[in-house]
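Enquirer: Below is the file work.cif, which contains mmCIF, C-alpha atoms.
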```cif
data_data
#
loop_
_atom_site.label_atom_id
_atom_site.label_comp_id
_atom_site.auth_asym_id
_atom_site.auth_seq_id
_atom_site.Cartn_x
_atom_site.Cartn_y
_atom_site.Cartn_z
CA MET A 11 -26.00 4.62 8.70
CA GLY A 12 -28.09 6.55 6.17
CA GLY A 13 -26.48 8.96 3.72
CA SER A 14 -22.72 8.98 3.23
CA VAL A 15 -20.97 6.46 5.47
CA ARG A 16 -17.80 7.80 7.11
CA SER A 17 -17.07 4.80 9.32
CA PHE A 18 -18.57 1.40 9.97
CA ASN A 19 -17.48 1.55 13.63
CA LEU A 20 -17.08 -2.21 13.85
CA GLU A 21 -16.16 -3.23 17.39
CA PRO A 22 -13.71 -5.95 18.47
CA GLY A 23 -15.70 -9.10 19.21
CA GLN A 24 -18.48 -8.25 16.75
CA ARG A 25 -19.64 -11.21 14.63
CA LEU A 26 -20.12 -10.87 10.88
CA LEU A 27 -22.35 -13.27 8.90
CA ASP A 28 -21.77 -15.81 11.66
CA LYS A 29 -18.45 -16.49 9.87
CA TYR A 30 -16.01 -13.81 11.05
CA LEU A 31 -15.08 -12.14 14.34
CA VAL A 32 -13.83 -8.54 14.25
CA MET A 33 -10.41 -8.18 15.90
CA ASP A 34 -9.45 -4.55 15.24
CA ARG A 35 -9.35 -1.83 12.59
CA LEU A 36 -6.15 -1.69 10.54
CA GLY A 37 -6.78 1.49 8.59
CA ALA A 38 -9.15 3.66 6.59
CA GLY A 39 -9.16 5.49 3.29
CA TRP A 40 -11.36 7.19 0.72
CA GLU A 41 -13.00 3.93 -0.41
CA GLY A 42 -13.60 2.34 2.97
CA GLU A 43 -12.04 0.70 6.01
CA VAL A 44 -9.79 -2.31 6.54
CA TYR A 45 -10.25 -4.60 9.55
CA ARG A 46 -8.49 -7.65 10.91
CA VAL A 47 -10.99 -10.46 11.34
CA ARG A 48 -10.84 -14.08 12.44
CA GLU A 49 -12.65 -16.92 10.71
CA LEU A 50 -14.87 -18.52 13.32
CA ALA A 51 -14.66 -22.00 11.77
CA THR A 52 -10.86 -22.15 11.46
CA GLY A 53 -9.47 -19.50 13.81
CA ILE A 54 -7.41 -18.10 10.91
CA GLU A 55 -6.94 -14.34 10.84
CA ARG A 56 -7.81 -12.47 7.66
CA THR A 57 -7.98 -8.91 6.36
CA ALA A 58 -11.41 -7.54 5.43
CA LYS A 59 -11.83 -4.39 3.35
CA PHE A 60 -15.26 -2.80 3.76
CA PHE A 61 -16.40 -0.43 1.02
CA PHE A 62 -18.39 2.70 1.82
CA PRO A 63 -21.65 2.31 -0.16
CA GLN A 64 -21.37 5.78 -1.70
CA ARG A 65 -17.92 4.82 -3.06
CA ASN A 66 -19.15 1.49 -4.37
CA PRO A 67 -22.24 2.04 -6.55
CA ARG A 68 -23.58 -1.23 -7.97
CA ASP A 69 -20.61 -2.93 -6.32
CA ARG A 70 -18.31 -1.76 -9.12
CA ALA A 71 -15.41 -0.71 -6.87
CA ALA A 72 -15.43 -3.95 -4.87
CA ILE A 73 -15.59 -6.13 -7.98
CA PHE A 74 -12.87 -4.17 -9.75
CA TYR A 75 -10.66 -4.32 -6.64
CA ALA A 76 -11.14 -8.10 -6.33
CA ARG A 77 -10.25 -8.58 -9.98
CA LYS A 78 -7.19 -6.35 -9.59
CA LEU A 79 -5.92 -8.35 -6.62
CA HIS A 80 -6.50 -11.56 -8.57
CA LYS A 81 -4.67 -10.20 -11.61
CA LEU A 82 -1.68 -9.18 -9.46
CA ARG A 83 -1.63 -12.37 -7.36
CA GLN A 84 1.85 -13.30 -8.69
CA CYS A 85 3.37 -10.07 -7.32
CA PRO A 86 4.86 -10.89 -3.89
CA ILE A 87 4.16 -7.40 -2.53
CA VAL A 88 0.39 -7.75 -3.09
CA ILE A 89 -1.81 -9.48 -0.50
CA GLN A 90 -3.72 -12.56 -1.69
CA TYR A 91 -7.46 -12.17 -2.26
CA TYR A 92 -9.85 -14.90 -1.10
CA THR A 93 -13.53 -13.99 -1.40
CA ARG A 94 -16.19 -11.28 -1.56
CA GLU A 95 -18.95 -11.05 1.03
CA ARG A 96 -22.06 -8.89 1.47
CA MET A 97 -23.99 -8.08 4.62
CA VAL A 98 -26.40 -5.53 6.06
CA LEU A 99 -25.05 -3.01 8.56
CA ASP A 100 -27.56 -0.61 10.11
CA GLY A 101 -29.97 -1.22 7.27
CA VAL A 102 -27.43 -0.68 4.48
CA THR A 103 -26.03 -3.47 2.30
CA VAL A 104 -22.24 -3.38 2.44
CA SER A 105 -19.63 -5.35 0.49
CA PHE A 106 -16.30 -6.47 1.89
CA LEU A 107 -13.41 -8.41 0.45
CA VAL A 108 -11.54 -11.01 2.51
CA SER A 109 -7.80 -11.36 1.93
CA GLU A 110 -4.80 -12.79 3.72
CA PHE A 111 -3.66 -11.12 6.92
CA VAL A 112 0.02 -10.20 6.98
CA GLU A 113 1.85 -9.88 10.29
CA GLY A 114 3.89 -6.72 10.49
CA GLU A 115 3.97 -3.03 11.20
CA LEU A 116 2.85 -0.05 9.19
CA LEU A 117 5.83 1.58 7.53
CA SER A 118 4.88 4.95 9.03
CA ALA A 119 5.05 3.48 12.55
CA PHE A 120 8.28 1.64 11.73
CA ILE A 121 9.93 4.90 10.64
CA ARG A 122 8.75 6.76 13.77
CA ARG A 123 10.21 3.98 15.94
CA GLN A 124 13.73 4.41 14.54
CA LYS A 125 16.33 6.56 16.28
CA GLY A 126 15.48 10.18 15.63
CA GLY A 127 12.30 9.08 13.87
CA ARG A 128 14.10 8.41 10.61
CA LEU A 129 16.32 5.96 8.73
CA SER A 130 19.93 6.57 7.84
CA PRO A 131 20.72 6.65 4.09
CA PHE A 132 21.74 3.01 3.59
CA PRO A 133 18.70 1.39 5.27
CA ALA A 134 16.51 3.93 3.47
CA LEU A 135 18.05 2.86 0.15
CA HIS A 136 17.28 -0.79 0.98
CA LEU A 137 13.71 0.23 1.78
CA LEU A 138 13.36 2.12 -1.50
CA HIS A 139 14.85 -0.79 -3.45
CA ALA A 140 12.39 -3.26 -1.90
CA LEU A 141 9.48 -0.93 -2.67
CA ALA A 142 10.64 -0.28 -6.24
CA ARG A 143 11.11 -4.01 -6.88
CA GLY A 144 7.62 -4.74 -5.56
CA ILE A 145 5.93 -1.98 -7.55
CA GLU A 146 7.93 -2.94 -10.65
CA CYS A 147 6.10 -6.28 -10.69
CA ILE A 148 2.77 -4.43 -10.69
CA HIS A 149 3.92 -2.14 -13.50
CA GLN A 150 5.12 -5.13 -15.54
CA MET A 151 1.60 -6.55 -15.25
CA GLY A 152 0.32 -3.38 -16.90
CA ASP A 153 -1.20 -2.02 -13.70
CA TYR A 154 -0.49 0.45 -10.90
CA HIS A 155 -0.95 0.91 -7.16
CA GLY A 156 -2.61 4.32 -7.19
CA ASP A 157 -2.22 5.44 -3.57
CA LEU A 158 1.28 4.72 -2.28
CA HIS A 159 2.14 6.17 1.12
CA SER A 160 3.72 4.98 4.35
CA ASP A 161 0.33 4.11 5.91
CA ASN A 162 -0.38 1.68 3.06
CA VAL A 163 2.79 -0.38 3.36
CA ILE A 164 3.40 -3.14 5.91
CA VAL A 165 6.92 -4.03 7.02
CA SER A 166 6.65 -7.77 7.60
CA ARG A 167 10.36 -8.39 8.13
CA TYR A 168 13.51 -6.33 8.40
CA GLY A 169 17.01 -7.81 8.42
CA LEU A 170 19.50 -7.57 5.58
CA GLY A 171 16.63 -6.12 3.59
CA PHE A 172 12.94 -5.31 3.82
CA GLU A 173 10.00 -7.61 3.19
CA LEU A 174 7.03 -5.42 2.37
CA ARG A 175 3.34 -5.90 1.58
CA LEU A 176 0.72 -3.45 0.39
CA LEU A 177 -2.25 -2.96 2.70
CA ASP A 178 -4.42 -1.39 0.02
CA LEU A 179 -4.58 -0.39 -3.64
CA PHE A 180 -6.65 2.25 -5.36
CA HIS A 181 -8.62 2.46 -8.58
CA TRP A 182 -8.33 5.60 -10.72
CA GLY A 183 -9.73 3.96 -13.85
CA ARG A 184 -7.96 2.02 -16.54
CA PRO A 185 -4.13 2.04 -16.26
CA ARG A 186 -2.47 5.02 -17.92
CA ALA A 187 1.11 6.27 -18.02
CA GLU A 188 0.14 8.97 -15.51
CA ASN A 189 -0.85 6.32 -12.93
CA ILE A 190 2.55 4.63 -13.23
CA HIS A 191 4.28 8.01 -12.98
CA ASP A 192 2.29 8.78 -9.82
CA ASP A 193 3.53 5.51 -8.29
CA VAL A 194 7.16 6.45 -9.05
CA VAL A 195 6.79 9.94 -7.58
CA ASN A 196 5.12 8.49 -4.48
CA LEU A 197 8.01 6.05 -4.04
CA ILE A 198 10.40 8.99 -3.88
CA HIS A 199 8.14 10.79 -1.40
CA ILE A 200 8.18 7.72 0.88
CA PHE A 201 11.98 7.61 0.59
CA HIS A 202 12.18 11.30 1.51
CA GLU A 203 9.87 10.75 4.49
CA ALA A 204 11.92 7.77 5.69
CA LEU A 205 15.05 9.94 5.68
CA GLY A 206 13.45 12.49 8.01
CA GLY A 207 11.77 14.78 5.52
CA LYS A 208 12.47 18.44 4.89
CA ALA A 209 14.09 19.02 8.30
CA HIS A 210 17.03 16.75 7.46
CA TYR A 211 17.19 17.04 3.68
CA ALA A 212 19.97 19.66 3.52
CA ARG A 213 22.41 17.37 5.35
CA LEU A 214 21.84 14.32 3.16
CA PRO A 215 24.62 13.06 0.85
CA PRO A 216 24.47 14.33 -2.75
CA GLU A 217 23.83 10.78 -3.99
CA ILE A 218 20.63 10.69 -1.94
CA LYS A 219 19.56 14.14 -3.12
CA ALA A 220 20.12 12.97 -6.69
CA ILE A 221 17.38 10.38 -6.10
CA CYS A 222 14.98 12.73 -4.31
CA CYS A 223 15.35 15.44 -6.99
CA GLY A 224 14.05 18.00 -4.52
CA LEU A 225 10.68 16.18 -4.78
CA LYS A 226 10.09 17.97 -8.08
CA ARG A 227 7.80 15.74 -10.14
CA SER A 228 9.27 16.78 -13.49
CA LEU A 229 12.83 16.04 -12.38
CA ILE A 230 11.88 12.70 -10.82
CA LEU A 231 10.11 11.54 -13.98
CA LYS A 232 12.93 12.77 -16.19
CA LYS A 233 15.20 10.33 -14.33
CA PHE A 234 12.77 7.51 -13.44
CA ARG A 235 9.79 6.78 -15.70
CA THR A 236 8.95 3.45 -14.07
CA ALA A 237 9.65 1.59 -10.84
CA GLY A 238 11.92 -0.72 -12.85
CA GLN A 239 14.10 2.19 -13.94
CA LEU A 240 14.34 3.32 -10.32
CA ARG A 241 15.35 -0.18 -9.20
CA GLU A 242 18.02 -0.40 -11.90
CA TYR A 243 19.38 2.99 -10.89
CA LEU A 244 19.69 1.91 -7.25
CA GLU A 245 21.49 -1.30 -8.22
CA THR A 246 24.10 0.53 -10.32
CA MET A 247 24.48 3.85 -8.50
CA GLU A 248 27.98 4.95 -7.53
CA TRP A 249 29.06 6.88 -4.47
CA GLY A 250 31.47 9.78 -4.60
CA ARG A 251 34.91 9.33 -3.14
#
```
Can the structure in the file be given as structure tokens, please?
Expert:
Amino acid sequence: MGGSVRSFNLEPGQRLLDKYLVMDRLGAGWEGEVYRVRELATGIERTAKFFFPQRNPRDRAAIFYARKLHKLRQCPIVIQYYTRERMVLDGVTVSFLVSEFVEGELLSAFIRRQKGGRLSPFPALHLLHALARGIECIHQMGDYHGDLHSDNVIVSRYGLGFELRLLDLFHWGRPRAENIHDDVVNLIHIFHEALGGKAHYARLPPEIKAICCGLKRSLILKKFRTAGQLREYLETMEWGR
């Protein structure tokens, strides 16, 4: 595992620190990989985020991420952090953070599973509202998500509305207005994706297009500067007659 690590290649059934059993890999990103693990002592399933060593010099990324999760622990959309662990894999010391495991389905898979591989406008609006409300809490805490996309969101329940959790967050440095703006623009991109993307955009109602703003960043941010402004817009929007 010398040099830059691209994957830890942890196998189901592999034991870690004689405390955890690897179940499966949930996802991967620039910073590392996320696995579902089971505590050997309790049988409880957890989420473990493993950091690529080259992305985590002096453990700064792992420590910052743990502190960020702790800071945002009151936001319902954020998974709850438990502990940090370190172990040696193929001769390299690796850090991983253990958090709660949330039952559900990746939003990207949920969208693909719908009829025609997309949501109709009203369910998509409920999805966007749930996302905006969740991200609003993060913004109110003076922080940001940093990497919002449909592979980072878990749909844990869907009925009259959506219950969503974030699989991962990202660190681009200290919070700035640009980070919050990026979150807002990414929310609109997820909404656009859920509606079927470019192939179906022309046939969408004008009220929906007024939210998407043609995916033009400047137009989106002129209308929605924060996730809270987007939520308020959705709660008061009117439909043409």
Enquirer: Quick one: pull the distance between CA of Lys125 (chain A) and CA of Gly144 (chain A), Å, one decimal.
Expert: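 CA of Lys125 (chain A) sits 26.1 Å away from CA of Gly144 (chain A).
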Enquirer: Kindly provide, as a PyMOL selection string, the polymer residues lying within 6 Å of (-3.4, -16.3, -3.7), counting all atoms listed in the file and using the coordinates exactly as they appear in the file.
Expert: chain A and resi 83+90-91
Enquirer: What is the CA of Gln24 (chain A) to CA of Glu43 (chain A) distance in Å?
Expert: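 So the two atoms, CA of Gln24 (chain A) and CA of Glu43 (chain A), lie 15.4 Å apart.
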Enquirer: Taking all atoms listed in the file into account, name the residue in A:Ser130, A:His136, A:His155, A:Leu231 that is nearest to Leu244 (chain A).
Expert: A:His136
Enquirer: Can you work out the spacing between CA of Ile148 (chain A) and CA of Ala220 (chain A) in Å, to one decimal?
Expert: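 Here the two named atoms are 24.9 Å from each other.
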Enquirer: Given the PyMOL selection byres ((chain A and resi 141) around 9) and the file above, list the residues it selects as a list in words.
Expert: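 Those residues are Ile87, His136, Leu137, Leu138, His139, Ala140, Ala142, Arg143, Gly144, Ile145, Glu146, Phe172, Glu173, Leu174, Arg175, Leu197, Ala237 and Arg241 of chain A.
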Enquirer: Select, from A:Phe111, A:Trp40, A:Tyr154, A:Phe106, the residue with the minimum atom-to-atom distance to Thr57 (chain A), counting all atoms listed in the file.
Expert: A:Phe111
Enquirer: Starting from the shown file, work through the PyMOL selection byres ((chain A and resi 160-171) around 7) and note down what comes out as a ChimeraX atom specification.
Expert: /A:113-118,136,158-159,172-178,200
Enquirer: I'd like the neighbourhood of Tyr30 (chain A) as an mmCIF file with C-alpha atoms, in the frame of the given file, where a residue qualifies if any of its atoms comes within 8 Å (using all atoms listed in the file), though same-chain residues fewer than 5 positions away should be ignored.
Expert:
```
data_model
loop_
_atom_site.group_PDB
_atom_site.id
_atom_site.type_symbol
_atom_site.label_atom_id
_atom_site.label_comp_id
_atom_site.auth_asym_id
_atom_site.auth_seq_id
_atom_site.Cartn_x
_atom_site.Cartn_y
_atom_site.Cartn_z
ATOM 1 C CA ARG A 25 -19.640 -11.210 14.630
ATOM 2 C CA VAL A 47 -10.990 -10.460 11.340
ATOM 3 C CA ARG A 48 -10.840 -14.080 12.440
ATOM 4 C CA GLU A 49 -12.650 -16.920 10.710
ATOM 5 C CA LEU A 50 -14.870 -18.520 13.320
#
```
